[in-house]
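Report on the following structure.
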Amino acid sequence: MLLVGLTGGIGSGKSQVAQIFERLGAHLIDADELAHEAVRPDGPVLKRIVEAFGPDVLNLDGTLDRAKLGRAVFGDSEKRELLNSIVHPYVFREEERRRKAISQKDPKAIVLFDAALLIETGSDLLMDKVILVTIDRRKQIGRIMKRDGLSREEAVRRIEAQMPQSKKKNRADYTIDGGQSLQIIEGQVRKIYQELAALA
């Protein structure tokens with residue numbers, strides 16, 4: 001089994017890259033999906049989030065108001081670290097459980113762990129290979145504004161809340177330009193997948 005970390009900043013096109021890898025045959029474990037599972041209404045993680053941030057972060061139906069929580073933590077590094085300390089342990093436990101289940105079924109599997117904070121959490125050190133999806137800053141801002149309905153100022157604030165791409169590049173084995181056309185991105189992914197398949 002080959003464990004491959006996939007990371008990239010907000011609006012970089014990382015999710016699109018992950019889908020292409022999955023189509024080619026990689027087994028995808030999505031940290032964002034695991035984080036969504038972690039905060040389901042009946043789970044212990046949501047209870048701890050409410051204790052830390054107050055009942056205002058809940059919708060009327062008892063589910064997490066992700067937009068409200070996002071606004072609260074994006075501009076405040078201490079609050080963001082607190083939230084991560086609550087959610088990340090669940091995400092990493094579940095990632096490990098799923099990875100082990102995949103490797104039992106398919107010992108030659110390429111397991112792709114898609115995580116925005118892969119490098120920030122030090123999880124890149126546990127990977128056999130790391131892939132970084134990058135994007136030109138101007139395109140990134142435009143993409144986030146359009147996708148999330150944010151002002152330019154809010155989009156910039158979210159980008160600056162993450163580790164700069166330049167620092168992440170030093171810790172990546174492969175880099176994919178997520179600002180290119182779909183055809184070019186697919187070509188980049190296919191080439192990397194072939195190299196990973198040879199290693200697996």
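We label chains A, B, ... in the order they appear in the structure tokens, count residues from 1 in each chain, and number ligands from 1 in the order shown.
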Residues near segment 14-16 of chain A, cut-off 7 Å, only C-alpha atoms, skip fewer than 6 positions along chain, as an NGL selection string: :A and (7-8 or 133)
Strand (DSSP E) call set, DSSP backbone run, chain A, as a list in words: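 Here are the strand (DSSP E) residues of chain A: Leu2, Leu3, Val4, Gly5, Leu6, Thr7, Gly8, His27, Leu28, Ile29, Asp30, Ile110, Val111, Leu112, Phe113, Asp114, Lys129, Val130, Ile131, Leu132, Val133, Thr134, Tyr174, Thr175, Ile176 and Asp177 of chain A.
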Let's have the selection written as a short mmCIF file (atom, residue, chain, number, x, y, z; two decimals), in the first residue's frame, with C-alpha atoms.
```
data_model
loop_
_atom_site.label_atom_id
_atom_site.label_comp_id
_atom_site.auth_asym_id
_atom_site.auth_seq_id
_atom_site.Cartn_x
_atom_site.Cartn_y
_atom_site.Cartn_z
CA LEU A 2 1.16 3.51 -0.82
CA LEU A 3 -0.12 6.35 1.36
CA VAL A 4 -0.23 9.65 -0.52
CA GLY A 5 -1.12 13.00 1.00
CA LEU A 6 -2.98 15.51 -1.17
CA THR A 7 -3.10 19.11 -0.03
CA GLY A 8 -3.62 22.64 -1.31
CA HIS A 27 -8.78 5.01 -2.81
CA LEU A 28 -9.82 8.42 -1.50
CA ILE A 29 -10.07 9.38 2.18
CA ASP A 30 -11.36 12.94 2.43
CA ILE A 110 -2.82 3.77 -3.58
CA VAL A 111 -4.58 5.53 -0.68
CA LEU A 112 -5.02 9.26 -1.19
CA PHE A 113 -5.55 11.27 2.01
CA ASP A 114 -7.06 14.60 0.91
CA LYS A 129 4.44 10.88 -1.00
CA VAL A 130 2.89 14.36 -0.85
CA ILE A 131 1.09 16.15 -3.70
CA LEU A 132 0.45 19.90 -3.51
CA VAL A 133 -2.18 21.65 -5.65
CA THR A 134 -1.19 25.27 -6.24
CA TYR A 174 4.73 16.60 -6.67
CA THR A 175 3.04 19.90 -7.57
CA ILE A 176 -0.09 20.28 -9.69
CA ASP A 177 -1.22 23.66 -11.05
#
```
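Counting only C-alpha atoms, the residue from A:Arg40, A:Arg80, A:Arg48, A:Arg97 that sits nearest to Thr63 of chain A is A:Arg40.
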Separation of atom CA of Leu150 of chain A from atom CA of Ala35 of chain A in Å: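 Those two atoms sit 22.4 Å apart.
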Spatial neighbours of Met145 of chain A, max dist 12 Å, only C-alpha atoms, sep filter under 5 positions, as a PyMOL selection string: chain A and resi 10-11+138-140+150-159
Coordinates-based distance that separates atom CA of Leu24 of chain A from atom CA of Gln194 of chain A (Å, one decimal):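 Distance reported for this atom pair: 9.4 Å.
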All residues 12 Å or closer to Gly54 of chain A, only C-alpha atoms, same chain fewer than 6 positions away omitted, as a ChimeraX atom specification: /A:46-48,64-65,68-69,72
Can I get the selected residues back with N, CA and C atoms, as a tab-separated table (two decimals), in the first residue's frame?
```
chain	number	residue	atom	x	y	z
A	46	LEU	N	-19.44	17.45	18.39
A	46	LEU	CA	-20.30	18.64	18.33
A	46	LEU	C	-20.56	19.18	19.74
A	47	LYS	N	-20.74	18.28	20.69
A	47	LYS	CA	-20.98	18.69	22.08
A	47	LYS	C	-19.80	19.52	22.59
A	48	ARG	N	-18.58	19.09	22.26
A	48	ARG	CA	-17.38	19.81	22.71
A	48	ARG	C	-17.25	21.16	22.00
A	64	LEU	N	-24.72	21.81	13.18
A	64	LEU	CA	-23.71	22.86	13.26
A	64	LEU	C	-23.91	23.88	12.15
A	65	ASP	N	-23.90	25.15	12.51
A	65	ASP	CA	-23.92	26.24	11.51
A	65	ASP	C	-22.47	26.49	11.11
A	68	LYS	N	-21.32	30.13	10.30
A	68	LYS	CA	-21.15	30.98	11.49
A	68	LYS	C	-19.86	30.63	12.23
A	69	LEU	N	-19.62	29.34	12.38
A	69	LEU	CA	-18.39	28.90	13.05
A	69	LEU	C	-17.16	29.32	12.23
A	72	ALA	N	-16.31	32.84	12.80
A	72	ALA	CA	-15.77	33.04	14.15
A	72	ALA	C	-14.29	32.66	14.23
```
Residue among A:Val189, A:Ile184, A:Ala197, A:Ala18 lying closest to Ala109 of chain A, counting only C-alpha atoms: A:Ala197
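Proximity of A:Met1, A:Asp148, A:Leu34, A:Ala115 to Arg99 of chain A, computed with only C-alpha atoms, is greatest for A:Met1.
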DSSP-assigned helix (DSSP H, G or I) among chain A, expressed as a count of residues only: 118
Pick from A:Ile185, A:Ala101, A:Met127, A:Leu83, whichever lies nearest to Ala38 of chain A using only C-alpha atoms: A:Leu83
